[in-house]
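Structure below is target_23.pdb: PDB, C-alpha atoms.
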ATOM      1  CA  MET A   1     -19.101   1.622   0.569
ATOM      2  CA  LEU A   2     -20.727   3.228  -2.451
ATOM      3  CA  PRO A   3     -24.444   2.936  -3.200
ATOM      4  CA  PHE A   4     -25.201  -0.115  -5.352
ATOM      5  CA  PRO A   5     -25.492   1.606  -8.794
ATOM      6  CA  LEU A   6     -22.165   3.440  -8.367
ATOM      7  CA  GLN A   7     -20.449   0.383  -6.999
ATOM      8  CA  ASN A   8     -20.510  -1.325 -10.401
ATOM      9  CA  LEU A   9     -19.215   1.740 -12.277
ATOM     10  CA  CYS A  10     -15.995   2.357 -10.351
ATOM     11  CA  PRO A  11     -13.034   0.006 -10.469
ATOM     12  CA  ALA A  12     -12.349  -1.189  -6.937
ATOM     13  CA  VAL A  13      -9.506  -2.708  -4.969
ATOM     14  CA  LYS A  14     -10.177  -5.253  -2.220
ATOM     15  CA  ASN A  15      -6.766  -4.982  -0.595
ATOM     16  CA  ILE A  16      -3.168  -3.898  -1.001
ATOM     17  CA  LEU A  17      -0.541  -6.107   0.594
ATOM     18  CA  LEU A  18       3.174  -5.753   1.178
ATOM     19  CA  LEU A  19       4.714  -8.988   2.457
ATOM     20  CA  ASP A  20       8.286 -10.014   3.139
ATOM     21  CA  SER A  21      10.081 -12.950   1.492
ATOM     22  CA  GLU A  22       8.686 -15.335   4.124
ATOM     23  CA  GLY A  23       5.069 -14.240   3.682
ATOM     24  CA  ASN A  24       4.882 -12.092   6.799
ATOM     25  CA  ARG A  25       2.995  -8.813   6.723
ATOM     26  CA  VAL A  26       5.017  -5.649   6.337
ATOM     27  CA  ALA A  27       1.994  -3.459   5.495
ATOM     28  CA  SER A  28      -1.545  -4.180   4.405
ATOM     29  CA  LYS A  29      -4.851  -2.456   3.984
ATOM     30  CA  PHE A  30      -8.157  -4.268   3.409
ATOM     31  CA  PHE A  31     -11.044  -2.340   1.877
ATOM     32  CA  THR A  32     -13.838  -4.952   1.973
ATOM     33  CA  ASP A  33     -15.433  -7.178   4.585
ATOM     34  CA  ASP A  34     -14.453 -10.329   2.670
ATOM     35  CA  TRP A  35     -11.948 -11.014   5.467
ATOM     36  CA  PRO A  36     -13.750  -9.867   8.639
ATOM     37  CA  THR A  37     -11.140 -10.794  11.238
ATOM     38  CA  ASN A  38      -7.416 -10.277  11.537
ATOM     39  CA  LYS A  39      -7.014 -14.066  11.569
ATOM     40  CA  ALA A  40      -8.871 -14.310   8.231
ATOM     41  CA  LYS A  41      -6.714 -11.525   6.783
ATOM     42  CA  GLU A  42      -3.516 -13.252   7.889
ATOM     43  CA  ALA A  43      -4.730 -16.573   6.466
ATOM     44  CA  PHE A  44      -5.474 -14.882   3.131
ATOM     45  CA  GLU A  45      -2.025 -13.255   3.103
ATOM     46  CA  LYS A  46      -0.313 -16.602   3.780
ATOM     47  CA  ALA A  47      -2.406 -18.377   1.124
ATOM     48  CA  VAL A  48      -1.648 -15.705  -1.495
ATOM     49  CA  PHE A  49       2.046 -15.833  -0.638
ATOM     50  CA  THR A  50       2.108 -19.636  -0.880
ATOM     51  CA  LYS A  51       0.341 -19.564  -4.256
ATOM     52  CA  THR A  52       2.680 -16.952  -5.750
ATOM     53  CA  GLN A  53       6.066 -17.577  -4.107
ATOM     54  CA  LYS A  54       7.377 -19.947  -6.778
ATOM     55  CA  THR A  55       6.683 -17.558  -9.659
ATOM     56  CA  ASN A  56       9.210 -15.141 -11.041
ATOM     57  CA  ALA A  57       7.411 -11.802 -10.849
ATOM     58  CA  ARG A  58      10.571  -9.733 -10.629
ATOM     59  CA  THR A  59      10.774  -8.084 -14.031
ATOM     60  CA  GLU A  60       7.084  -7.328 -14.505
ATOM     61  CA  ALA A  61       3.785  -7.862 -12.735
ATOM     62  CA  GLU A  62       2.072 -11.239 -12.807
ATOM     63  CA  ILE A  63      -1.658 -11.949 -12.580
ATOM     64  CA  THR A  64      -3.414 -14.891 -10.962
ATOM     65  CA  MET A  65      -6.906 -15.896  -9.843
ATOM     66  CA  PHE A  66      -7.341 -16.959  -6.242
ATOM     67  CA  GLU A  67     -10.604 -17.577  -4.343
ATOM     68  CA  ASP A  68     -12.656 -15.620  -6.920
ATOM     69  CA  ASN A  69     -10.236 -12.694  -6.769
ATOM     70  CA  ILE A  70      -7.789 -11.308  -9.282
ATOM     71  CA  ILE A  71      -4.388 -10.776  -7.733
ATOM     72  CA  VAL A  72      -1.709  -8.708  -9.448
ATOM     73  CA  TYR A  73       1.721  -8.963  -7.870
ATOM     74  CA  LYS A  74       5.373  -8.092  -8.208
ATOM     75  CA  PHE A  75       8.471  -9.047  -6.217
ATOM     76  CA  VAL A  76      11.434  -6.788  -5.519
ATOM     77  CA  GLN A  77      14.353  -8.019  -3.450
ATOM     78  CA  ASP A  78      12.780  -9.316  -0.221
ATOM     79  CA  LEU A  79       9.402  -7.573  -0.660
ATOM     80  CA  HIS A  80       6.275  -8.875  -2.362
ATOM     81  CA  PHE A  81       3.701  -6.297  -3.561
ATOM     82  CA  PHE A  82       0.079  -7.433  -4.124
ATOM     83  CA  VAL A  83      -3.131  -5.732  -5.269
ATOM     84  CA  THR A  84      -6.376  -7.722  -5.112
ATOM     85  CA  GLY A  85      -9.610  -7.016  -6.957
ATOM     86  CA  GLY A  86     -12.863  -8.851  -7.527
ATOM     87  CA  GLU A  87     -13.164 -11.430 -10.285
ATOM     88  CA  ASP A  88     -14.886  -8.875 -12.545
ATOM     89  CA  GLU A  89     -12.248  -6.164 -12.181
ATOM     90  CA  ASN A  90     -10.041  -5.080 -15.044
ATOM     91  CA  GLU A  91      -6.572  -6.599 -14.685
ATOM     92  CA  MET A  92      -4.943  -3.622 -16.387
ATOM     93  CA  ILE A  93      -6.406  -1.207 -13.849
ATOM     94  CA  LEU A  94      -5.223  -3.402 -10.981
ATOM     95  CA  ALA A  95      -1.784  -3.629 -12.605
ATOM     96  CA  THR A  96      -1.704   0.175 -12.879
ATOM     97  CA  VAL A  97      -2.502   0.463  -9.165
ATOM     98  CA  LEU A  98       0.269  -2.037  -8.364
ATOM     99  CA  GLN A  99       2.804  -0.203 -10.529
ATOM    100  CA  GLY A 100       1.837   3.155  -9.008
ATOM    101  CA  PHE A 101       2.232   1.702  -5.503
ATOM    102  CA  PHE A 102       5.572   0.093  -6.291
ATOM    103  CA  ASP A 103       6.992   3.157  -8.076
ATOM    104  CA  ALA A 104       5.830   5.535  -5.320
ATOM    105  CA  VAL A 105       7.466   3.322  -2.677
ATOM    106  CA  ALA A 106      10.659   3.235  -4.766
ATOM    107  CA  ILE A 107      10.646   7.050  -4.958
ATOM    108  CA  LEU A 108      10.000   7.420  -1.225
ATOM    109  CA  LEU A 109      12.684   4.874  -0.314
ATOM    110  CA  ARG A 110      15.136   6.376  -2.831
ATOM    111  CA  ASP A 111      15.229   3.137  -4.875
ATOM    112  CA  ASN A 112      16.380   1.182  -1.823
ATOM    113  CA  VAL A 113      13.318  -1.090  -1.797
ATOM    114  CA  ASP A 114      13.916  -3.780   0.812
ATOM    115  CA  LYS A 115      12.279  -4.976   4.015
ATOM    116  CA  ARG A 116      14.550  -3.089   6.409
ATOM    117  CA  GLU A 117      14.057   0.207   4.612
ATOM    118  CA  ALA A 118      10.303  -0.435   4.305
ATOM    119  CA  LEU A 119       9.960  -1.075   8.036
ATOM    120  CA  GLU A 120      11.972   2.046   8.872
ATOM    121  CA  ASN A 121       9.640   4.078   6.657
ATOM    122  CA  LEU A 122       6.403   2.221   7.365
ATOM    123  CA  ASP A 123       4.521   5.476   7.972
ATOM    124  CA  LEU A 124       5.330   6.624   4.433
ATOM    125  CA  ILE A 125       4.228   3.307   2.947
ATOM    126  CA  LEU A 126       0.909   3.363   4.813
ATOM    127  CA  LEU A 127       0.314   6.959   3.743
ATOM    128  CA  CYS A 128       1.184   5.915   0.207
ATOM    129  CA  ILE A 129      -1.557   3.257   0.291
ATOM    130  CA  ASP A 130      -4.001   5.864   1.625
ATOM    131  CA  GLU A 131      -3.157   8.208  -1.253
ATOM    132  CA  ILE A 132      -3.756   5.454  -3.829
ATOM    133  CA  VAL A 133      -7.002   3.914  -2.583
ATOM    134  CA  ASP A 134      -9.730   5.147  -0.245
ATOM    135  CA  GLY A 135     -12.456   2.723   0.776
ATOM    136  CA  GLY A 136     -11.575   0.511  -2.175
ATOM    137  CA  ILE A 137     -11.950   3.302  -4.742
ATOM    138  CA  ILE A 138      -8.824   4.140  -6.723
ATOM    139  CA  LEU A 139      -7.818   7.778  -6.236
ATOM    140  CA  GLU A 140      -4.384   8.058  -7.826
ATOM    141  CA  THR A 141      -1.946   5.852  -9.725
ATOM    142  CA  ASP A 142       0.746   8.341 -10.749
ATOM    143  CA  ALA A 143       3.772   7.487  -8.632
ATOM    144  CA  SER A 144       5.309  10.950  -8.592
ATOM    145  CA  SER A 145       1.990  12.514  -7.511
ATOM    146  CA  ILE A 146       1.576   9.929  -4.774
ATOM    147  CA  ALA A 147       5.152  10.350  -3.550
ATOM    148  CA  SER A 148       4.949  14.135  -3.563
ATOM    149  CA  LYS A 149       1.765  14.054  -1.468
ATOM    150  CA  VAL A 150       3.385  11.684   1.010
ATOM    151  CA  SER A 151       6.861  13.159   0.998
ATOM    152  CA  THR A 152       7.939  15.190   4.008
ATOM    153  CA  ASN A 153       9.434  17.775   1.663
ATOM    154  CA  SER A 154       6.120  18.550  -0.004
ATOM    155  CA  ILE A 155       4.582  20.455   2.926
ATOM    156  CA  ASP A 156       6.259  22.897   5.247
ATOM    157  CA  SER A 157       5.694  22.894   8.992
ATOM    158  CA  ALA A 158       3.527  26.033   8.766
ATOM    159  CA  ALA A 159       0.859  24.094   6.843
ATOM    160  CA  PRO A 160      -2.317  23.137   8.736
ATOM    161  CA  LEU A 161      -2.037  19.816  10.557
ATOM    162  CA  SER A 162      -4.808  18.375   8.370
ATOM    163  CA  GLU A 163      -2.540  18.745   5.311
ATOM    164  CA  GLN A 164       0.546  17.200   6.885
ATOM    165  CA  THR A 165       1.662  13.599   6.973
ATOM    166  CA  LEU A 166       1.795  11.868  10.345
ATOM    167  CA  SER A 167       5.574  12.318  10.514
ATOM    168  CA  GLN A 168       5.284  15.992   9.684
ATOM    169  CA  ALA A 169       2.528  16.520  12.236
ATOM    170  CA  LEU A 170       4.594  14.848  14.969
ATOM    171  CA  THR A 171       7.661  16.884  14.042
ATOM    172  CA  THR A 172       5.627  20.096  14.072
ATOM    173  CA  ALA A 173       4.081  19.218  17.437
ATOM    174  CA  ARG A 174       7.499  18.392  18.886
ATOM    175  CA  GLU A 175       8.907  21.749  17.628
ATOM    176  CA  HIS A 176       5.987  23.680  19.142
ATOM    177  CA  PHE A 177       6.395  21.814  22.433
ATOM    178  CA  VAL A 178      10.140  22.537  22.606
ATOM    179  CA  ARG A 179       9.522  26.218  21.830
ATOM    180  CA  SER A 180       6.891  26.446  24.579
ATOM    181  CA  LEU A 181       9.320  24.929  27.100
ATOM    182  CA  LEU A 182      12.066  27.384  26.153
ATOM    183  CA  GLN A 183       9.827  30.437  26.549
TER     184      GLN A 183
END

Would you mind writing the file's structure down as structure tokens?
Amino acid sequence: MLPFPLQNLCPAVKNILLLDSEGNRVASKFFTDDWPTNKAKEAFEKAVFTKTQKTNARTEAEITMFEDNIIVYKFVQDLHFFVTGGEDENEMILATVLQGFFDAVAILLRDNVDKREALENLDLILLCIDEIVDGGIILETDASSIASKVSTNSIDSAAPLSEQTLSQALTTAREHFVRSLLQ
């Protein structure tokens, strides 16, 4: 958390949610202590889903207020994308975060944005969220930048482990292990 004076200067995100068409969690990341337990987080997810499920947020993002939070959301096939900010946050900034998240996921999933594909590439989606927001502070909203940082093609296996994605690090470790067994 930022010191109090800086906290009011930076736009902040409270959470990013990716739910399926039944309101179940596919991926989520909470950046505040507003929901201290997993049970509270799940209850919030269900309540947000229930409030928004009857809207038609398929062509462009929608905005709603819920429990003193601004929620910007968009639905694509059987996935529901949500970005939550405090009641004083700028809706346009939250919408930009949502669009960056959605577009980066679309790039990473090669425009096949559905639950099955999202679950198969959950590591990429979680890394995508980490590239967009850190501790609630928005880092990046450009989808192509986010996707290139997350993409397995962006870093070769000779790069330091600290600069690799989880998938790349595991692949590199597996290759080194196999080579050590063959020697």

request  = Give me the residues within 9 Å of Phe49 of chain A as a PyMOL selection string, counting all atoms listed in the file and dropping any in the same chain fewer than 6 places off.
outcome  = chain A and resi 19+21-24+80

Nearby residues (only C-alpha atoms) at most 12 Å from Trp35 of chain A, same-chain spacing under 6 positions excluded, as a compact mmCIF listing (two decimals) with C-alpha atoms, in the frame of the given file:
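As a result, out-v2.txt now contains:
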# COMPACT_ATOMS: atom_id res chain seq x y z
CA LYS A 14 -10.18 -5.25 -2.22
CA ASN A 15 -6.77 -4.98 -0.60
CA LYS A 29 -4.85 -2.46 3.98
CA LYS A 41 -6.71 -11.52 6.78
CA GLU A 42 -3.52 -13.25 7.89
CA ALA A 43 -4.73 -16.57 6.47
CA PHE A 44 -5.47 -14.88 3.13
CA GLU A 45 -2.02 -13.26 3.10
CA GLU A 67 -10.60 -17.58 -4.34

request  = Kindly give the distance, in Å, that separates atom CA of Asn90 of chain A and atom CA of Ile70 of chain A, rounded to a single decimal.
outcome  =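 So the answer is 8.8 Å.
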
query = Which value, in Å to one decimal, gives the distance between atom CA of Ile137 of chain A and atom CA of Ile107 of chain A?
reply =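 Pair atom CA of Ile137 of chain A / atom CA of Ile107 of chain A returns 22.9 Å.
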
task = Considering all atoms listed in the file, state which residue in the set A:Val76, A:Phe30, A:His176, A:Pro11 is at the smallest distance from Asp111 of chain A.
result =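 Nearest candidate to Asp111 of chain A out of A:Val76, A:Phe30, A:His176, A:Pro11: A:Val76.
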
request  = Have a look at atom CA of Met92 of chain A and atom CA of Ser151 of chain A and let me know their distance in Å, one decimal.
outcome  =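 Taking atom CA of Met92 of chain A and atom CA of Ser151 of chain A, their separation equals 26.9 Å.
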
request  = Could you state which residues are captured by the PyMOL selection byres ((chain A and resi 128) around 9) in this file, as a PyMOL selection string?
outcome  = chain A and resi 101+104-105+123-127+129-133+146-147+149-150

remark   = Leu94 of chain A proximity check over A:Ala173, A:Lys115, A:Val13, A:Ala40, using all atoms listed in the file: winner is A:Val13

message = I'd like the neighbourhood of Leu98 of chain A as an NGL selection string, where a residue qualifies if any of its atoms comes within 9 Å (using all atoms listed in the file), though same-chain residues fewer than 3 positions away should be ignored.
response = :A and (16 or 61 or 72-74 or 81-83 or 93-95 or 101-103 or 141)

Take the residues from that selection and write them out as a tab-separated table (two decimals), keeping the file's coordinate frame, keeping C-alpha atoms.
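part-v3.tsv, written as the output of this step:
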chain	number	residue	atom	x	y	z
A	16	ILE	CA	-3.17	-3.90	-1.00
A	61	ALA	CA	3.78	-7.86	-12.74
A	72	VAL	CA	-1.71	-8.71	-9.45
A	73	TYR	CA	1.72	-8.96	-7.87
A	74	LYS	CA	5.37	-8.09	-8.21
A	81	PHE	CA	3.70	-6.30	-3.56
A	82	PHE	CA	0.08	-7.43	-4.12
A	83	VAL	CA	-3.13	-5.73	-5.27
A	93	ILE	CA	-6.41	-1.21	-13.85
A	94	LEU	CA	-5.22	-3.40	-10.98
A	95	ALA	CA	-1.78	-3.63	-12.60
A	101	PHE	CA	2.23	1.70	-5.50
A	102	PHE	CA	5.57	0.09	-6.29
A	103	ASP	CA	6.99	3.16	-8.08
A	141	THR	CA	-1.95	5.85	-9.72

task = Counting only C-alpha atoms, figure out which residue out of A:Ile63, A:Leu122, A:Lys54, A:Val97 gets nearest to Arg25 of chain A.
result =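 Answer, going by the shortest atom-to-atom distance: A:Leu122.
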
ask   = Smallest atom-to-atom distance to Glu91 of chain A: which of A:Ala12, A:Leu17, A:Leu181, A:Leu139, using only C-alpha atoms?
value =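 Result for the nearest residue to Glu91 of chain A: A:Ala12.
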
remark   = If you count only C-alpha atoms, the residue of A:Leu9, A:Lys39, A:Gly135, A:Asp114 closest to Glu89 of chain A turns out to be A:Leu9

inquiry  = Could you check the closest approach to Asp34 of chain A for each of A:Leu18, A:Thr55, A:Asp78, A:Thr84 and tell me which residue wins, using all atoms listed in the file?
reply    =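 Counting all atoms listed in the file, the residue closest to Asp34 of chain A is A:Thr84.
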
Return the padded bounding box of segment 101-108 of chain A as AutoDock Vina command-line options: axis-aligned, built from all atoms listed in the file, 3 Å added on each side, with centre and edge lengths in Å to one decimal.
--center_x 6.4 --center_y 3.8 --center_z -4.7 --size_x 14.4 --size_y 13.3 --size_z 12.9
